[in-house]
$ cat data.txt   # compact mmCIF, C-alpha atoms and all ligand atoms
# COMPACT_ATOMS: atom_id res chain seq x y z
CA MET A 1 -16.79 -53.20 1.38
CA SER A 2 -14.02 -51.09 2.87
CA TYR A 3 -14.66 -47.78 4.58
CA PRO A 4 -12.37 -44.78 5.03
CA ILE A 5 -10.42 -44.96 8.29
CA VAL A 6 -9.71 -41.26 8.30
CA ARG A 7 -12.79 -39.05 7.94
CA HIS A 8 -11.94 -35.38 7.41
CA ARG A 9 -15.62 -34.51 7.17
CA ARG A 10 -16.16 -35.09 10.92
CA LEU A 11 -14.73 -31.66 11.69
CA ARG A 12 -16.73 -30.02 8.92
CA ARG A 13 -20.15 -31.23 10.06
CA THR A 14 -21.42 -28.00 11.65
CA ALA A 15 -20.59 -24.29 11.49
CA ALA A 16 -19.44 -24.44 15.12
CA LEU A 17 -17.02 -27.29 14.41
CA ARG A 18 -15.68 -25.50 11.37
CA GLY A 19 -15.23 -22.37 13.46
CA LEU A 20 -13.35 -24.34 16.10
CA VAL A 21 -10.74 -25.61 13.68
CA ARG A 22 -10.43 -22.53 11.46
CA GLU A 23 -6.74 -21.72 11.00
CA THR A 24 -6.94 -18.24 9.53
CA VAL A 25 -9.30 -15.58 10.81
CA LEU A 26 -9.60 -12.15 9.24
CA THR A 27 -10.38 -9.13 11.41
CA ALA A 28 -10.67 -5.39 10.79
CA ASN A 29 -7.30 -5.05 12.56
CA ASP A 30 -5.65 -6.77 9.62
CA PHE A 31 -6.50 -3.98 7.21
CA ILE A 32 -4.84 -0.75 6.16
CA TYR A 33 -7.10 1.52 4.11
CA PRO A 34 -5.55 3.57 1.27
CA VAL A 35 -7.12 6.99 0.69
CA PHE A 36 -6.55 9.49 -2.15
CA VAL A 37 -6.51 13.14 -1.16
CA THR A 38 -6.76 16.06 -3.53
CA TYR A 39 -7.09 19.85 -3.60
CA GLY A 40 -10.34 21.74 -4.08
CA THR A 41 -13.52 21.91 -2.08
CA ASN A 42 -16.41 19.51 -1.86
CA VAL A 43 -14.65 16.93 -4.03
CA LYS A 44 -15.69 13.30 -3.72
CA GLU A 45 -14.97 12.01 -7.16
CA GLU A 46 -15.13 8.35 -8.05
CA ILE A 47 -12.11 6.90 -9.85
CA PRO A 48 -13.55 5.35 -13.03
CA SER A 49 -11.38 2.23 -12.98
CA MET A 50 -11.89 1.74 -9.23
CA PRO A 51 -15.63 1.92 -8.50
CA GLY A 52 -16.21 2.72 -4.83
CA VAL A 53 -12.83 4.48 -4.48
CA TYR A 54 -12.75 8.28 -4.52
CA HIS A 55 -10.61 11.36 -4.56
CA PHE A 56 -11.43 13.41 -1.48
CA SER A 57 -10.75 17.07 -0.92
CA LEU A 58 -9.74 17.85 2.64
CA ASP A 59 -13.22 19.10 3.54
CA ARG A 60 -14.76 15.78 2.47
CA LEU A 61 -12.05 13.57 3.93
CA GLU A 62 -13.37 13.65 7.47
CA GLU A 63 -16.52 11.72 6.60
CA GLU A 64 -14.43 8.96 5.01
CA ILE A 65 -12.12 8.80 8.03
CA ARG A 66 -15.16 8.49 10.28
CA ARG A 67 -16.55 5.74 8.07
CA ALA A 68 -13.26 3.85 8.38
CA GLN A 69 -13.20 4.40 12.12
CA ASP A 70 -16.77 3.21 12.53
CA ALA A 71 -15.92 0.03 10.61
CA GLY A 72 -13.04 -0.64 13.04
CA ILE A 73 -10.18 0.27 10.70
CA GLN A 74 -7.19 1.54 12.65
CA ALA A 75 -4.79 2.63 9.91
CA VAL A 76 -5.02 4.64 6.70
CA LEU A 77 -2.40 5.00 3.98
CA LEU A 78 -2.48 8.48 2.44
CA PHE A 79 -1.80 9.23 -1.22
CA GLY A 80 -1.79 12.83 -2.40
CA ILE A 81 -2.64 14.37 -5.75
CA PRO A 82 -0.78 17.69 -5.80
CA GLU A 83 -1.76 20.93 -7.50
CA THR A 84 1.55 21.34 -9.27
CA LYS A 85 4.23 18.98 -10.55
CA ASP A 86 7.81 19.64 -11.56
CA ALA A 87 10.96 17.72 -12.46
CA VAL A 88 12.05 17.25 -8.85
CA GLY A 89 8.68 16.63 -7.17
CA THR A 90 8.81 19.76 -5.00
CA SER A 91 5.28 19.36 -3.66
CA ALA A 92 6.22 15.95 -2.18
CA TYR A 93 8.33 17.69 0.48
CA ASP A 94 6.39 20.92 0.80
CA PRO A 95 5.58 21.29 4.53
CA ASN A 96 2.11 22.37 3.41
CA GLY A 97 1.80 19.73 0.69
CA ILE A 98 -1.38 17.76 0.25
CA VAL A 99 -0.24 14.66 2.16
CA GLN A 100 1.15 16.79 4.99
CA GLU A 101 -2.10 18.78 5.26
CA ALA A 102 -4.20 15.63 5.13
CA THR A 103 -2.04 14.01 7.81
CA ARG A 104 -2.54 16.97 10.15
CA ALA A 105 -6.26 16.93 9.51
CA VAL A 106 -6.70 13.21 10.13
CA LYS A 107 -4.73 13.38 13.37
CA ARG A 108 -6.92 16.30 14.45
CA TRP A 109 -10.19 14.50 13.69
CA ALA A 110 -9.12 11.05 14.80
CA PRO A 111 -5.98 11.09 16.98
CA ASP A 112 -6.06 7.30 17.35
CA MET A 113 -6.24 6.61 13.62
CA LEU A 114 -2.77 5.58 12.47
CA VAL A 115 -1.63 7.66 9.53
CA ILE A 116 0.82 5.96 7.21
CA ALA A 117 2.34 8.24 4.59
CA ASP A 118 3.36 6.83 1.22
CA THR A 119 6.75 8.32 0.40
CA CYS A 120 7.39 8.54 -3.32
CA LEU A 121 7.91 11.18 -5.98
CA CYS A 122 5.92 9.79 -8.92
CA GLN A 123 2.68 11.62 -8.10
CA PHE A 124 4.66 14.85 -7.75
CA THR A 125 7.03 14.78 -10.74
CA ASP A 126 5.93 15.99 -14.19
CA HIS A 127 7.68 12.99 -15.78
CA GLY A 128 5.91 10.54 -13.46
CA HIS A 129 9.01 8.65 -12.32
CA CYS A 130 9.74 7.86 -8.67
CA GLY A 131 12.98 9.87 -8.63
CA VAL A 132 15.03 12.52 -10.39
CA ILE A 133 15.84 12.03 -14.06
CA HIS A 134 19.31 12.46 -15.46
CA GLN A 135 20.18 12.43 -19.10
CA HIS A 136 23.06 10.13 -19.90
CA PRO A 137 25.58 11.18 -22.54
CA SER A 138 24.14 8.34 -24.60
CA GLY A 139 20.86 10.21 -24.67
CA ALA A 140 19.05 7.71 -22.49
CA ALA A 141 17.24 9.10 -19.47
CA ALA A 142 17.63 7.35 -16.13
CA VAL A 143 16.44 7.81 -12.57
CA ASP A 144 19.39 8.94 -10.46
CA ASN A 145 19.40 6.80 -7.34
CA ASP A 146 21.37 8.81 -4.81
CA GLU A 147 20.07 12.21 -5.77
CA SER A 148 16.52 10.88 -5.51
CA LEU A 149 17.28 9.62 -2.00
CA GLU A 150 17.93 13.14 -0.77
CA LEU A 151 14.51 14.29 -1.94
CA LEU A 152 12.78 11.21 -0.56
CA VAL A 153 14.35 11.85 2.84
CA ARG A 154 12.99 15.39 2.76
CA ALA A 155 9.53 14.06 1.89
CA ALA A 156 9.62 11.50 4.72
CA VAL A 157 10.80 14.03 7.30
CA SER A 158 8.11 16.53 6.28
CA GLN A 159 5.49 13.78 6.62
CA ALA A 160 6.76 12.92 10.09
CA GLU A 161 6.72 16.60 11.01
CA ALA A 162 3.07 16.73 9.93
CA GLY A 163 2.33 13.90 12.37
CA ALA A 164 2.53 10.73 10.29
CA ASP A 165 2.71 7.66 12.54
CA MET A 166 4.58 5.59 9.99
CA ILE A 167 6.53 6.20 6.79
CA ALA A 168 5.99 3.87 3.83
CA PRO A 169 8.58 4.49 1.11
CA SER A 170 7.47 3.01 -2.22
CA ASN A 171 10.12 4.33 -4.57
CA MET A 172 12.41 1.28 -4.89
CA MET A 173 15.65 3.27 -4.97
CA ASP A 174 18.61 1.39 -3.48
CA GLY A 175 19.33 2.37 0.09
CA PHE A 176 16.04 4.18 0.66
CA VAL A 177 15.38 2.60 4.04
CA GLN A 178 18.84 3.50 5.34
CA ALA A 179 18.63 7.06 4.00
CA ILE A 180 15.13 7.67 5.37
CA ARG A 181 15.95 6.02 8.70
CA ALA A 182 18.98 8.31 9.12
CA GLY A 183 16.98 11.35 8.02
CA LEU A 184 14.15 10.63 10.45
CA ASP A 185 16.59 9.97 13.31
CA ASP A 186 18.50 13.19 12.66
CA ALA A 187 15.26 15.16 12.62
CA GLY A 188 14.18 13.70 15.97
CA TYR A 189 11.84 10.99 14.69
CA ALA A 190 13.74 7.91 15.81
CA ASP A 191 10.47 6.45 17.08
CA ILE A 192 8.65 6.61 13.74
CA PRO A 193 8.65 3.17 12.07
CA ILE A 194 9.33 2.47 8.40
CA LEU A 195 7.00 0.18 6.48
CA SER A 196 9.19 -0.59 3.49
CA TYR A 197 7.79 -1.45 0.09
CA SER A 198 10.61 -4.00 0.12
CA VAL A 199 9.48 -6.21 -2.68
CA LYS A 200 7.70 -4.15 -5.28
CA TYR A 201 7.33 -5.61 -8.71
CA ALA A 202 7.13 -3.74 -12.02
CA SER A 203 3.53 -4.83 -12.35
CA ALA A 204 0.64 -4.21 -14.72
CA PHE A 205 -1.61 -4.45 -11.67
CA TYR A 206 -0.95 -0.78 -10.79
CA GLY A 207 -2.81 0.52 -13.86
CA PRO A 208 -5.97 1.81 -12.12
CA PHE A 209 -3.87 3.40 -9.34
CA ARG A 210 -1.87 5.35 -11.91
CA ASP A 211 -5.15 6.66 -13.37
CA ALA A 212 -6.23 7.56 -9.85
CA ALA A 213 -2.97 9.19 -8.78
CA HIS A 214 -2.11 10.64 -12.20
CA SER A 215 1.28 9.03 -11.76
CA ALA A 216 1.93 7.06 -14.96
CA PRO A 217 5.49 7.53 -16.23
CA GLN A 218 5.48 9.95 -19.16
CA PHE A 219 8.25 8.00 -20.89
CA GLY A 220 9.66 4.53 -20.47
CA ASP A 221 8.62 2.32 -17.58
CA ARG A 222 9.68 1.51 -14.02
CA LYS A 223 11.63 -1.65 -14.82
CA THR A 224 15.01 -0.17 -13.88
CA TYR A 225 13.90 0.20 -10.26
CA GLN A 226 10.87 -2.02 -9.66
CA MET A 227 11.43 -5.78 -9.74
CA ASP A 228 10.99 -8.34 -12.49
CA PRO A 229 7.82 -10.37 -11.75
CA ALA A 230 9.74 -13.54 -12.59
CA ASN A 231 12.09 -13.28 -9.59
CA ILE A 232 11.76 -14.57 -6.04
CA ARG A 233 15.36 -15.02 -4.86
CA GLU A 234 15.87 -11.36 -5.68
CA ALA A 235 12.86 -10.61 -3.45
CA LEU A 236 14.72 -12.20 -0.54
CA ARG A 237 17.78 -10.08 -1.28
CA GLU A 238 15.64 -6.93 -1.35
CA ALA A 239 14.03 -7.83 1.96
CA GLU A 240 17.37 -8.76 3.52
CA THR A 241 18.79 -5.36 2.60
CA ASP A 242 15.79 -3.57 4.10
CA VAL A 243 16.07 -5.54 7.33
CA ALA A 244 19.77 -4.62 7.55
CA GLU A 245 18.92 -0.97 6.89
CA GLY A 246 16.41 -0.84 9.73
CA ALA A 247 12.99 -1.47 8.19
CA ASP A 248 10.25 -2.23 10.74
CA MET A 249 7.84 -3.98 8.38
CA LEU A 250 8.25 -5.60 4.98
CA MET A 251 5.77 -5.27 2.15
CA VAL A 252 5.10 -7.45 -0.86
CA LYS A 253 3.30 -5.76 -3.72
CA PRO A 254 1.15 -6.78 -5.57
CA ALA A 255 -0.39 -9.61 -3.57
CA LEU A 256 -2.51 -11.90 -5.70
CA ALA A 257 0.08 -13.07 -8.22
CA TYR A 258 2.80 -13.09 -5.51
CA LEU A 259 1.44 -15.26 -2.70
CA ASP A 260 4.58 -17.41 -2.90
CA VAL A 261 6.68 -14.31 -2.28
CA ILE A 262 4.58 -13.41 0.77
CA ARG A 263 5.13 -16.93 2.08
CA ALA A 264 8.88 -16.78 1.39
CA LEU A 265 9.25 -13.51 3.31
CA LYS A 266 7.23 -14.89 6.19
CA GLU A 267 9.45 -17.94 6.43
CA ASN A 268 12.72 -16.05 6.12
CA PHE A 269 12.18 -12.96 8.27
CA ASP A 270 10.65 -12.20 11.63
CA LEU A 271 9.34 -8.74 10.82
CA PRO A 272 5.63 -8.23 10.14
CA VAL A 273 4.80 -8.94 6.50
CA VAL A 274 2.36 -6.64 4.73
CA ALA A 275 0.59 -7.52 1.48
CA TYR A 276 -0.67 -4.79 -0.85
CA ASN A 277 -3.91 -5.89 -2.51
CA VAL A 278 -3.39 -3.43 -5.37
CA SER A 279 -5.68 -1.45 -7.63
CA ALA A 280 -6.11 -3.91 -10.52
CA GLU A 281 -6.78 -6.77 -8.11
CA TYR A 282 -9.59 -4.62 -6.72
CA ALA A 283 -10.78 -3.52 -10.19
CA MET A 284 -10.97 -7.07 -11.57
CA VAL A 285 -13.31 -8.17 -8.82
CA LYS A 286 -15.47 -5.03 -9.08
CA ALA A 287 -15.80 -5.38 -12.86
CA ALA A 288 -16.83 -9.01 -12.66
CA ALA A 289 -19.22 -8.27 -9.79
CA ALA A 290 -20.82 -5.43 -11.77
CA ASN A 291 -21.53 -7.95 -14.50
CA GLY A 292 -23.11 -10.30 -12.01
CA TRP A 293 -20.44 -12.89 -12.71
CA LEU A 294 -19.41 -13.53 -9.13
CA ASP A 295 -20.37 -13.01 -5.51
CA GLU A 296 -18.27 -9.97 -4.63
CA ARG A 297 -18.45 -10.35 -0.86
CA ALA A 298 -17.46 -14.02 -0.88
CA ILE A 299 -14.70 -13.47 -3.43
CA VAL A 300 -13.15 -10.52 -1.59
CA LEU A 301 -13.13 -12.30 1.77
CA GLU A 302 -11.69 -15.44 0.17
CA LEU A 303 -8.91 -13.44 -1.50
CA LEU A 304 -8.04 -11.60 1.70
CA THR A 305 -8.07 -14.86 3.65
CA GLY A 306 -5.71 -16.33 1.06
CA MET A 307 -3.28 -13.45 1.50
CA LYS A 308 -3.33 -13.85 5.25
CA ARG A 309 -2.96 -17.62 5.02
CA ALA A 310 0.03 -17.11 2.70
CA GLY A 311 1.72 -15.18 5.50
CA ALA A 312 0.53 -11.59 5.44
CA ASP A 313 0.18 -10.10 8.92
CA LEU A 314 -1.48 -7.02 7.45
CA ILE A 315 -3.22 -6.27 4.17
CA ILE A 316 -3.45 -2.90 2.47
CA THR A 317 -6.75 -3.03 0.63
CA TYR A 318 -9.24 -0.67 -1.01
CA ASP A 319 -11.87 -3.09 0.31
CA ALA A 320 -10.85 -2.49 3.93
CA ILE A 321 -14.12 -0.86 5.00
CA ASN A 322 -16.28 -3.24 2.97
CA ALA A 323 -14.48 -6.28 4.29
CA ALA A 324 -14.59 -5.06 7.90
CA LYS A 325 -18.35 -4.54 7.59
CA TRP A 326 -18.92 -7.92 5.93
CA LEU A 327 -16.92 -9.62 8.67
CA ALA A 328 -18.97 -7.88 11.36
CA GLU A 329 -22.20 -8.97 9.65
CA ARG A 330 -20.99 -12.53 9.26
CA SER A 331 -20.18 -13.02 12.92
C1 LIG B 401 3.84 4.89 -6.01
C2 LIG B 401 2.85 3.81 -5.80
C3 LIG B 401 2.17 3.02 -6.75
C4 LIG B 401 1.26 2.24 -6.04
C5 LIG B 401 1.41 2.55 -4.70
N1 LIG B 401 2.41 3.50 -4.58
C6 LIG B 401 2.21 3.01 -8.22
C7 LIG B 401 3.42 2.64 -8.96
O1 LIG B 401 4.46 2.26 -8.42
O2 LIG B 401 3.33 2.80 -10.18
C8 LIG B 401 0.29 1.26 -6.64
C9 LIG B 401 -0.87 0.89 -5.78
C10 LIG B 401 -1.98 0.20 -6.47
O3 LIG B 401 -1.92 -0.18 -7.66
O4 LIG B 401 -3.00 0.00 -5.81
N2 LIG B 401 5.09 4.50 -6.39
$ encode --input "data.txt" --output "structure tokens"
Amino acid sequence: MSYPIVRHRRLRRTAALRGLVRETVLTANDFIYPVFVTYGTNVKEEIPSMPGVYHFSLDRLEEEIRRAQDAGIQAVLLFGIPETKDAVGTSAYDPNGIVQEATRAVKRWAPDMLVIADTCLCQFTDHGHCGVIHQHPSGAAAVDNDESLELLVRAAVSQAEAGADMIAPSNMMDGFVQAIRAGLDDAGYADIPILSYSVKYASAFYGPFRDAAHSAPQFGDRKTYQMDPANIREALREAETDVAEGADMLMVKPALAYLDVIRALKENFDLPVVAYNVSAEYAMVKAAAANGWLDERAIVLELLTGMKRAGADLIITYDAINAAKWLAERS
């Protein structure tokens, strides 16, 4: 009878041994927590397709920020739902817009909490696209790249003025990092980093977010600016451009169906890589958990571990507080 020479199970025998050789360890520091802010008073309204995620009015936001802080979360990503929308997304760069007000409030309540502002126009335009629409002579409507950049720069600068610690442009216009970098520098914010949504796919996984942010395009889709899910070499070109334009961090979005892209960015660039565990990834797990089909806690931690193992230095996740608490309980 022959026996195995190599026995992998030796290092799996006890929890302590497994802990000793664990290659990937999640901590609360890995997470960025996205929060939806809205107008009104005393609003804490659950988003139907994202159980456990809410719209908060400014007067109810503080309790959520405290909850994040208590769980050890050090960064939030703010999304605003404005009162009014128009063709050019005016409320995105209103100095007293919802994101700007929320930023000021969070920095007042929790000066150490990092505020990352999502810079896009789709929540603020009545047509729901991430830029300005121009009608071509052919009749087709298209998002005008360079004109949109000017508005995005104004949005980013107003967010920095409000006290945002980091700007996260998610619009996928060409040259947005360069334009926003120049705009921030000119306005005196050379020290504010840009977390670029470098590799953002035209994905069905944003469905619940668009319900939450009321940001679904009113015509057409985002395929002329967001990427084709089939492409990875193009992802490297996108990231390369952002690095050249001065991005400080590179994001891959969504995460779950794009772990190979996360890995590719990690291997090709030295900047921190951020994975966005998006709304439908969250919703799928919640729906199955509500049916009793899976162990939510174990599944969420396994997914987040997978994203980190794939190469993510940071993960934007609606489960940030839950995961931080579960990790604290586990240890
Ligand atoms: C705005 C934006 C979107 C998300 C983040 N920023 C939606 C989109 O591009 O349609 C999606 C986040 C999620 O699904 O969790 N451009």
$ axis_aligned_box --input "data.txt" --around "ligand LIG 401 (chain B)" --padding-each-side "3 Å" --output "lines of an AutoDock Vina configuration file"
center_x = 1.0
center_y = 2.4
center_z = -7.4
size_x = 14.1
size_y = 11.1
size_z = 11.6
$ closest_residue --input "data.txt" --among "A:His129, A:Arg181, A:Lys286, A:His136" --to "ligand LIG 401 (chain B)" --atoms "only C-alpha atoms and all ligand atoms"
A:His129
$ residues_near_ligand --input "data.txt" --ligand "ligand LIG 401 (chain B)" --cutoff "10 Å" --atoms "all atoms listed in the file" --output "PyMOL selection string"
chain A and resi 34+50+77-79+118-123+128-131+168-172+197+200-217+221-222+225-226+253-254+276-283+316-318
$ atom_distance --input "data.txt" --atom1 "CA of Ala15 (chain A)" --atom2 "CA of Ala28 (chain A)"
21.4 Å
$ atom_distance --input "data.txt" --atom1 "CA of Leu58 (chain A)" --atom2 "CA of Ala102 (chain A)"
6.5 Å
$ closest_residue --input "data.txt" --among "A:Glu329, A:Asp248, A:Asp260, A:Asp86" --to "Pro193 (chain A)" --atoms "all atoms listed in the file"
A:Asp248
$ decode --input "data.txt" --residues "region 123-145 of chain A" --atoms "N, CA and C atoms" --output "short mmCIF file (atom, residue, chain, number, x, y, z; two decimals), in the first residue's frame"
data_model
loop_
_atom_site.label_atom_id
_atom_site.label_comp_id
_atom_site.auth_asym_id
_atom_site.auth_seq_id
_atom_site.Cartn_x
_atom_site.Cartn_y
_atom_site.Cartn_z
N GLN A 123 -27.70 60.85 -11.90
CA GLN A 123 -28.75 61.03 -10.91
C GLN A 123 -29.39 62.42 -11.04
N PHE A 124 -28.70 63.31 -11.75
CA PHE A 124 -29.10 64.73 -11.74
C PHE A 124 -29.68 65.20 -13.07
N THR A 125 -29.59 64.34 -14.11
CA THR A 125 -30.15 64.72 -15.42
C THR A 125 -31.53 64.09 -15.58
N ASP A 126 -32.43 64.84 -16.26
CA ASP A 126 -33.79 64.30 -16.45
C ASP A 126 -33.80 63.13 -17.44
N HIS A 127 -32.78 63.04 -18.30
CA HIS A 127 -32.70 61.92 -19.24
C HIS A 127 -31.93 60.74 -18.67
N GLY A 128 -31.31 60.92 -17.52
CA GLY A 128 -30.66 59.80 -16.84
C GLY A 128 -29.32 59.36 -17.42
N HIS A 129 -28.76 60.11 -18.35
CA HIS A 129 -27.44 59.75 -18.86
C HIS A 129 -26.34 60.47 -18.06
N CYS A 130 -25.12 59.98 -18.19
CA CYS A 130 -24.02 60.46 -17.36
C CYS A 130 -23.36 61.71 -17.93
N GLY A 131 -23.96 62.31 -18.96
CA GLY A 131 -23.41 63.52 -19.55
C GLY A 131 -24.50 64.29 -20.28
N VAL A 132 -24.06 65.26 -21.07
CA VAL A 132 -25.00 66.11 -21.80
C VAL A 132 -25.37 65.44 -23.13
N ILE A 133 -26.63 65.55 -23.50
CA ILE A 133 -27.09 64.90 -24.73
C ILE A 133 -27.11 65.89 -25.89
N HIS A 134 -26.57 65.45 -27.01
CA HIS A 134 -26.68 66.25 -28.23
C HIS A 134 -27.38 65.46 -29.31
N GLN A 135 -28.23 66.15 -30.01
CA GLN A 135 -28.94 65.49 -31.10
C GLN A 135 -28.07 65.56 -32.35
N HIS A 136 -27.80 64.42 -32.94
CA HIS A 136 -27.06 64.42 -34.20
C HIS A 136 -28.00 64.76 -35.34
N PRO A 137 -27.44 65.28 -36.44
CA PRO A 137 -28.30 65.55 -37.60
C PRO A 137 -29.08 64.30 -38.01
N SER A 138 -28.48 63.15 -37.80
CA SER A 138 -29.15 61.90 -38.16
C SER A 138 -30.39 61.64 -37.31
N GLY A 139 -30.52 62.40 -36.23
CA GLY A 139 -31.66 62.17 -35.34
C GLY A 139 -31.28 61.41 -34.10
N ALA A 140 -30.14 60.72 -34.16
CA ALA A 140 -29.72 59.94 -33.01
C ALA A 140 -29.20 60.87 -31.90
N ALA A 141 -29.50 60.53 -30.67
CA ALA A 141 -29.01 61.32 -29.55
C ALA A 141 -27.74 60.67 -29.01
N ALA A 142 -26.78 61.51 -28.64
CA ALA A 142 -25.53 60.96 -28.11
C ALA A 142 -25.03 61.82 -26.96
N VAL A 143 -24.27 61.21 -26.07
CA VAL A 143 -23.68 61.95 -24.96
C VAL A 143 -22.43 62.65 -25.47
N ASP A 144 -22.40 63.96 -25.34
CA ASP A 144 -21.26 64.75 -25.81
C ASP A 144 -20.14 64.68 -24.78
N ASN A 145 -19.03 64.10 -25.20
CA ASN A 145 -17.93 63.84 -24.26
C ASN A 145 -17.37 65.12 -23.63
#
